[in-house]
Structures are given as structure tokens and as C-alpha cells.
Amino acid sequence: MKTRKLLSLTALALLTAGLHLFTVLSGTQFYLTQLTMAAYYGLVVIGLGVMMGYAGQISIGHAGFFAIGGYLSAALTTNDLTPFLAPGLIRWLDRVGLLVHGQDIFGDPLMTVSPWAACLSAVTVTALIALLIGGPVLKLRGHYLAMATLGFGIIVYRIFLASPFFGEADGISEVPGFQLLPATGLLGPVIISGDAAHRVLNYYLAWGVLLLGMALLLNLIDSRAGRALRSLHSSEEAAEAFGIDTARCKVQVFVLSAIYAALAGSLLTHFNGGIGPGEASVMKSVRYVALVAVGGMTSLWGTLVMGVGLTFLSLRGVFGSYDDVVFGVILIAVMLFAPEGVLRGLFGRALQRFLPGRQT
């Protein structure tokens with residue numbers, strides 16, 4: 001299992017480099033922008049895939065977690081926080097390097113939170129929210145759980161849409177780049193930004209994050225906790241009979257999937273330089289569920305492949321104005337004709353034999 005997992009992750013890394021080489025040889029390096037965005041969305045999808053495929057819990061509000069991560073990162077790095085903080089706290093935050101000094105478009109002094117601190121804060125707040133609502137919400141089952149998570153997503157959407165602090169319907173723009181590492185020697189700064197000069201670097205950063213996220217989930221699935229999740233998916237009553245704390249397991253995987261979504265939202269917001277309320281819409285959540293379903297809820301690799309592939313096509317505008325319609329039709333068709341996912345339905349066990357991280 002360990003060898004197969006390592007080979008699969010190595011194949012993903014080689015595919016990442018191969019896609020870059022293809023764009024160079026074909027003169028289509030502009031594809032790297034959409035491939036970068038697709039990788040971040042893929043991070044959301046695989047996190048949701050573990051929750052749905054292994055814990056057996058459905059969420060139609062994951063776009064809310066994505067938006068919380070993105071919006072908090074954007075707000076903290078663009079809004080002048082001086083009026084909201086006590087002077088003593090400002091000096092302490094500035095002394096420890098958590099604040100950034102600059103100027104707004106009018107030349108007035110501007111004090112914001114550094115991207116590193118903003119990202120960590122956004123992910124932490126999202127995890128706490130998921131922990132807070134996960135306890136009561138995950139006691140529900142079936143369509144009741146779906147309705148509860150849907151309600152959460154709608155609440156988040158309306159808050160961002162109506163709040164002046166979050167830009168209301170216009171969202172937040174002019175989000176600065178996320179400098180991960182400063183320039184050292186002959187190497188320039190490692191920064192998450194949509195600038196053309198950083199296009200190749202950001203492509204590998206995004207796919208590196210996705211590769212790391214995939215490796216962590218595969219290790220989780222093969223661990224004792226992963227076996228507990230599989231038993232929970234098969235029969236919650238049987239899992240409890242064997243001494244598994246099912247309530248705790250469900251909350252933990254719910255929080256983990258929320259962290260994946262928030263991290264993706266934060267990083268993608270810095271890459272795009274902004275975020276709008278559409279990222280928290282119900283249709284976004286439905287799309288994530290559709291991507292998990294079409295890839296196969298019991299196969300992380302199927303979820304990753306189909307999720308990234310369909311997202312790339314969507315970002316390229318292949319589906320045109322019928323984009324949401326296409327994903328709705330895909331979800332219905334998969335549920336009717338290929339409930340195990342398209343890849344598994346088409347290639348069966350011949351493909352699954354080489355892909356670790358599947359439900360057995």
C-alpha cells in the first residue's frame with residue numbers, strides 16, 4: 001500500500017511537470033492560470049470527498065467555508081484596522097511583525113495584517129466555526145443534514161453580500177500578494193500572486209499544496225482513524241458497538257474538510273487579487289458536491305482527477321452561460337447511472353487497483 005501510494009503521488013508530480021512542459025511546447029502557457037485555480041478548487045473537493053465518501057456526511061455549505069477563508073484573508077490584508085484595535089494592541093502586533101504599513105490609493109497611511117497572519121487567522125476562525133456548528137448539525141442525518149448545511153451556506157452568503165466591511169455585492173479587490181519567502185541570493189521572492197511574472201511559480205505552488213493535501217488525506221485513510229471513518233460510513237450503529245466515538249469522528253472530519261476549504265479560499269484570493277460573494281453561493285456548494293460525486297465518493301483519486309478536470313474546463317469557459325446547468329445535469333446523471341463515480345463506472349477495478357485511497 002505504501003509503495004502504491006508513493007507511486008501514485010510521484011505520478012501526480014510528474015503529470016504536473018508534464019502539463020507545464022506541454023504548455024511551453026504548445027505556446028499555451030496562459031493555461032497555467034486556470035490550472036493553478038483548478039488546483040486550489042481541487043483542494044476543496046478532496047477535503048469534501050473524505051467527508052462524504054468516508055464519513056458518509058453530506059455538506060451543501062462548503063462554499064461558505066471557502067468564502068470565510070478567502071474573505072477574512074482579503075479583509076485583514078486590505079482594510080485599515082487602526083479604528084478597530086486598541087493602541088497598545090497595535091504596537092504589540094506591529095512589534096511582533098504581524099502588521100504591514102503602506103498607503104492607500106489616496107496616499108493616506110494604511111495599516112493591515114500581514115498575509116501570513118491573515119491566512120492563519122482565516123483558517124483558525126473557519127476551524128472554530130466548523131467545530132461550533134459541527135456538534136449540533138452532525139447529529140442530523142440524510143436530507144436533514146443537507147438542509148442544515150445548506151442553511152449555513154445561505155447565512156454566510158447573505159452576511160458577505162450585506163456587510164460593508166466585506167465589500168457588499170462588489171466583494172473585495174486589490175488584495176496583495178502572499179509572500180511566502182523573501183528573496184534570497186539569486187532567487188527572487190516566493191509569492192502567491194496573479195502577476196504574469198509569477199505564473200509558473202504559482203502553478204507549481206498550487207499543485208504542490210494540492211499534492212501535500214492529497215498525501216495527508218491518503219495517510220489519514222490508511223490510518224486507524226481512517227478505518228474508523230470507513231466503519232462509520234458502512235454502519236454508524238455497528239461502529240458505536242465496536243467502541244468508536246462516532247460523534248467525535250464526524251466532527252473531526254467536518255473540521256478537517258472545512259480547513260481544506262478555508263486554506264484554498266485564502267490562497268486563491270491572494271492569487272486572484274480579490275473575492276466576491278459568488279464564491280459563497282449555494283450553486284458553488286452544489287458544484288463541489290457534483291465534483292465529488294462524478295469522481296466517485298469512495299475514490300479520492302477519482303475525485304481529484306474529475307474535480308480538477310471539470311473545474312479547468314469551467315474556468316476556460318467551455319460550458320459558456322450554461323455552466324451551472326451543466327454541473328446540475330452532471331450531478332443528476334451520476335446519481336442515476338454511475339453512483340460510484342465516472343472513473344470507476346467506466347474502468348472498474350482495473351483502474352482502482354492502481355489508485356490507493358479507495359473505500360473497500
# chains A, B, ... in the order shown; residues from 1 in each chain; ligands from 1
call {"tool": "residues_around", "arguments": {"residues": "region 166-183 of chain A", "least_positions_apart": "2", "cutoff": "10 Å", "atoms": "only C-alpha atoms", "output": "VMD selection string"}}
result
chain A and resid 70 to 79 114 to 116 118 to 119 158 to 164 185 to 195 266 to 267 269 to 279
call {"tool": "residues_around", "arguments": {"residues": "Ser257 (chain A)", "least_positions_apart": "5", "cutoff": "10 Å", "atoms": "only C-alpha atoms", "output": "MDAnalysis selection string"}}
result
chainID A and resid 43:52 62 65 127 130 251:252 262
call {"tool": "residues_around", "arguments": {"residues": "Val326 (chain A)", "least_positions_apart": "2", "cutoff": "12 Å", "atoms": "only C-alpha atoms", "output": "PyMOL selection string"}}
result
chain A and resi 283+286-287+290-291+310-311+313-314+317-324+328-333
call {"tool": "write_last_selection", "arguments": {"atoms": "C-alpha atoms", "output": "PDB file, in the first residue's frame"}}
result
ATOM      1  CA  MET A 283     -24.557  26.862  -6.533  1.00  0.00           C
ATOM      2  CA  VAL A 286     -23.724  22.203  -5.222  1.00  0.00           C
ATOM      3  CA  ARG A 287     -20.841  22.228  -7.690  1.00  0.00           C
ATOM      4  CA  ALA A 290     -21.239  17.333  -8.001  1.00  0.00           C
ATOM      5  CA  LEU A 291     -17.468  17.132  -8.464  1.00  0.00           C
ATOM      6  CA  LEU A 310     -14.118  19.721 -14.925  1.00  0.00           C
ATOM      7  CA  THR A 311     -13.125  22.841 -12.992  1.00  0.00           C
ATOM      8  CA  LEU A 313     -12.993  23.294 -18.397  1.00  0.00           C
ATOM      9  CA  SER A 314     -15.395  25.525 -16.492  1.00  0.00           C
ATOM     10  CA  GLY A 317     -15.485  28.902 -20.407  1.00  0.00           C
ATOM     11  CA  VAL A 318     -16.104  25.653 -22.270  1.00  0.00           C
ATOM     12  CA  PHE A 319     -19.653  25.422 -20.916  1.00  0.00           C
ATOM     13  CA  GLY A 320     -20.420  29.084 -21.586  1.00  0.00           C
ATOM     14  CA  SER A 321     -23.507  30.551 -19.948  1.00  0.00           C
ATOM     15  CA  TYR A 322     -24.786  27.040 -19.244  1.00  0.00           C
ATOM     16  CA  ASP A 323     -22.050  26.386 -16.703  1.00  0.00           C
ATOM     17  CA  ASP A 324     -24.334  25.897 -13.691  1.00  0.00           C
ATOM     18  CA  GLY A 328     -26.573  20.270 -12.240  1.00  0.00           C
ATOM     19  CA  VAL A 329     -27.098  17.792 -15.066  1.00  0.00           C
ATOM     20  CA  ILE A 330     -23.825  16.036 -14.210  1.00  0.00           C
ATOM     21  CA  LEU A 331     -24.932  15.571 -10.606  1.00  0.00           C
ATOM     22  CA  ILE A 332     -28.304  14.099 -11.629  1.00  0.00           C
ATOM     23  CA  ALA A 333     -26.778  11.840 -14.292  1.00  0.00           C
TER      24      ALA A 333
END
call {"tool": "atom_distance", "arguments": {"atom1": "CA of Ala196 (chain A)", "atom2": "CA of Tyr31 (chain A)"}}
result
11.8 Å
call {"tool": "select_by_dssp", "arguments": {"residues": "region 17-238 of chain A", "states": "alpha helix (DSSP H)", "output": "PyMOL selection string"}}
result
chain A and resi 17-26+31-53+62-78+87-95+115-137+142-162+199-221+224-234+236-238
call {"tool": "closest_atom_pairs", "arguments": {"of": "region 239-319 of chain A", "to": "region 197-213 of chain A", "cutoff": "10 Å", "atoms": "only C-alpha atoms", "output": "Markdown table"}}
result
| residue | atom | partner | partner_atom | distance |
| --- | --- | --- | --- | --- |
| A:Tyr260 | CA | A:Gly213 | CA | 8.0 |
| A:Leu263 | CA | A:Val209 | CA | 9.8 |
| A:Ala264 | CA | A:Val209 | CA | 9.1 |
| A:Leu267 | CA | A:Ala206 | CA | 8.5 |
| A:Leu268 | CA | A:Ala206 | CA | 8.9 |
| A:Phe271 | CA | A:Asn202 | CA | 8.1 |
| A:Leu304 | CA | A:Leu210 | CA | 9.3 |
call {"tool": "select_by_dssp", "arguments": {"residues": "region 159-272 of chain A", "states": "strand (DSSP E)", "output": "ChimeraX atom specification"}}
result
/A:172-173,178-181,190-192
call {"tool": "write_last_selection", "arguments": {"atoms": "C-alpha atoms", "output": "short mmCIF file (atom, residue, chain, number, x, y, z; two decimals), in the first residue's frame"}}
result
data_model
loop_
_atom_site.label_atom_id
_atom_site.label_comp_id
_atom_site.auth_asym_id
_atom_site.auth_seq_id
_atom_site.Cartn_x
_atom_site.Cartn_y
_atom_site.Cartn_z
CA ILE A 172 -13.01 42.85 -2.00
CA SER A 173 -10.39 43.76 -4.58
CA PHE A 178 1.08 36.47 -0.33
CA GLN A 179 4.86 36.44 0.12
CA LEU A 180 5.77 33.02 1.43
CA LEU A 181 9.54 33.54 1.40
CA VAL A 190 8.29 33.22 -3.39
CA ILE A 191 4.95 34.95 -3.66
CA ILE A 192 1.37 33.90 -4.40
#
call {"tool": "closest_residue", "arguments": {"among": "A:Ala39, A:Leu218, A:Ala261, A:Val125", "to": "Leu6 (chain A)", "atoms": "only C-alpha atoms"}}
result
A:Leu218
call {"tool": "atom_distance", "arguments": {"atom1": "CA of Gly18 (chain A)", "atom2": "CA of Ser299 (chain A)"}}
result
23.5 Å
call {"tool": "closest_residue", "arguments": {"among": "A:Leu140, A:Val282, A:Cys249, A:Ala228", "to": "Ile155 (chain A)", "atoms": "only C-alpha atoms"}}
result
A:Val282
call {"tool": "residues_around", "arguments": {"residues": "region 149-153 of chain A", "least_positions_apart": "3", "cutoff": "8 Å", "atoms": "only C-alpha atoms", "output": "JSON, numbers by chain"}}
result
{"A": [59, 60, 61, 62, 63, 64, 137, 145, 146, 156, 157, 280, 281, 282, 285]}
call {"tool": "write_last_selection", "arguments": {"atoms": "N, CA and C atoms", "output": "PDB file, in the first residue's frame"}}
result
ATOM      1  N   SER A  59     -22.452  17.755   2.802  1.00  0.00           N
ATOM      2  CA  SER A  59     -22.462  19.185   3.126  1.00  0.00           C
ATOM      3  C   SER A  59     -22.766  19.979   1.866  1.00  0.00           C
ATOM      4  N   ILE A  60     -23.810  20.785   1.929  1.00  0.00           N
ATOM      5  CA  ILE A  60     -24.133  21.684   0.825  1.00  0.00           C
ATOM      6  C   ILE A  60     -23.859  23.124   1.278  1.00  0.00           C
ATOM      7  N   GLY A  61     -22.837  23.276   2.110  1.00  0.00           N
ATOM      8  CA  GLY A  61     -22.471  24.603   2.573  1.00  0.00           C
ATOM      9  C   GLY A  61     -20.975  24.830   2.571  1.00  0.00           C
ATOM     10  N   HIS A  62     -20.241  23.969   1.842  1.00  0.00           N
ATOM     11  CA  HIS A  62     -18.784  24.086   1.878  1.00  0.00           C
ATOM     12  C   HIS A  62     -18.270  25.342   1.172  1.00  0.00           C
ATOM     13  N   ALA A  63     -19.064  25.895   0.287  1.00  0.00           N
ATOM     14  CA  ALA A  63     -18.664  27.166  -0.310  1.00  0.00           C
ATOM     15  C   ALA A  63     -18.576  28.247   0.759  1.00  0.00           C
ATOM     16  N   GLY A  64     -19.363  28.099   1.819  1.00  0.00           N
ATOM     17  CA  GLY A  64     -19.297  29.048   2.930  1.00  0.00           C
ATOM     18  C   GLY A  64     -17.946  29.019   3.610  1.00  0.00           C
ATOM     19  N   VAL A 137     -25.096  20.110  14.257  1.00  0.00           N
ATOM     20  CA  VAL A 137     -25.538  19.828  12.893  1.00  0.00           C
ATOM     21  C   VAL A 137     -25.317  18.373  12.517  1.00  0.00           C
ATOM     22  N   LEU A 145     -29.531  16.753   7.394  1.00  0.00           N
ATOM     23  CA  LEU A 145     -28.160  17.268   7.436  1.00  0.00           C
ATOM     24  C   LEU A 145     -27.892  18.153   6.238  1.00  0.00           C
ATOM     25  N   ALA A 146     -28.347  17.733   5.061  1.00  0.00           N
ATOM     26  CA  ALA A 146     -28.153  18.539   3.857  1.00  0.00           C
ATOM     27  C   ALA A 146     -28.831  19.904   3.998  1.00  0.00           C
ATOM     28  N   VAL A 156     -23.949  32.501   5.469  1.00  0.00           N
ATOM     29  CA  VAL A 156     -22.631  33.059   5.147  1.00  0.00           C
ATOM     30  C   VAL A 156     -22.714  33.942   3.904  1.00  0.00           C
ATOM     31  N   TYR A 157     -23.427  33.473   2.886  1.00  0.00           N
ATOM     32  CA  TYR A 157     -23.570  34.241   1.642  1.00  0.00           C
ATOM     33  C   TYR A 157     -24.225  35.589   1.900  1.00  0.00           C
ATOM     34  N   ALA A 280     -19.478  32.228  -2.257  1.00  0.00           N
ATOM     35  CA  ALA A 280     -20.221  31.641  -1.142  1.00  0.00           C
ATOM     36  C   ALA A 280     -21.617  31.201  -1.549  1.00  0.00           C
ATOM     37  N   SER A 281     -21.919  31.268  -2.833  1.00  0.00           N
ATOM     38  CA  SER A 281     -23.281  30.972  -3.286  1.00  0.00           C
ATOM     39  C   SER A 281     -23.616  29.494  -3.136  1.00  0.00           C
ATOM     40  N   VAL A 282     -24.915  29.216  -3.091  1.00  0.00           N
ATOM     41  CA  VAL A 282     -25.384  27.840  -2.965  1.00  0.00           C
ATOM     42  C   VAL A 282     -24.933  27.008  -4.162  1.00  0.00           C
ATOM     43  N   SER A 285     -21.586  25.488  -3.732  1.00  0.00           N
ATOM     44  CA  SER A 285     -21.602  24.301  -2.877  1.00  0.00           C
ATOM     45  C   SER A 285     -22.130  23.091  -3.629  1.00  0.00           C
TER      46      SER A 285
END
call {"tool": "atom_distance", "arguments": {"atom1": "CA of Val308 (chain A)", "atom2": "CA of Leu15 (chain A)"}}
result
12.8 Å
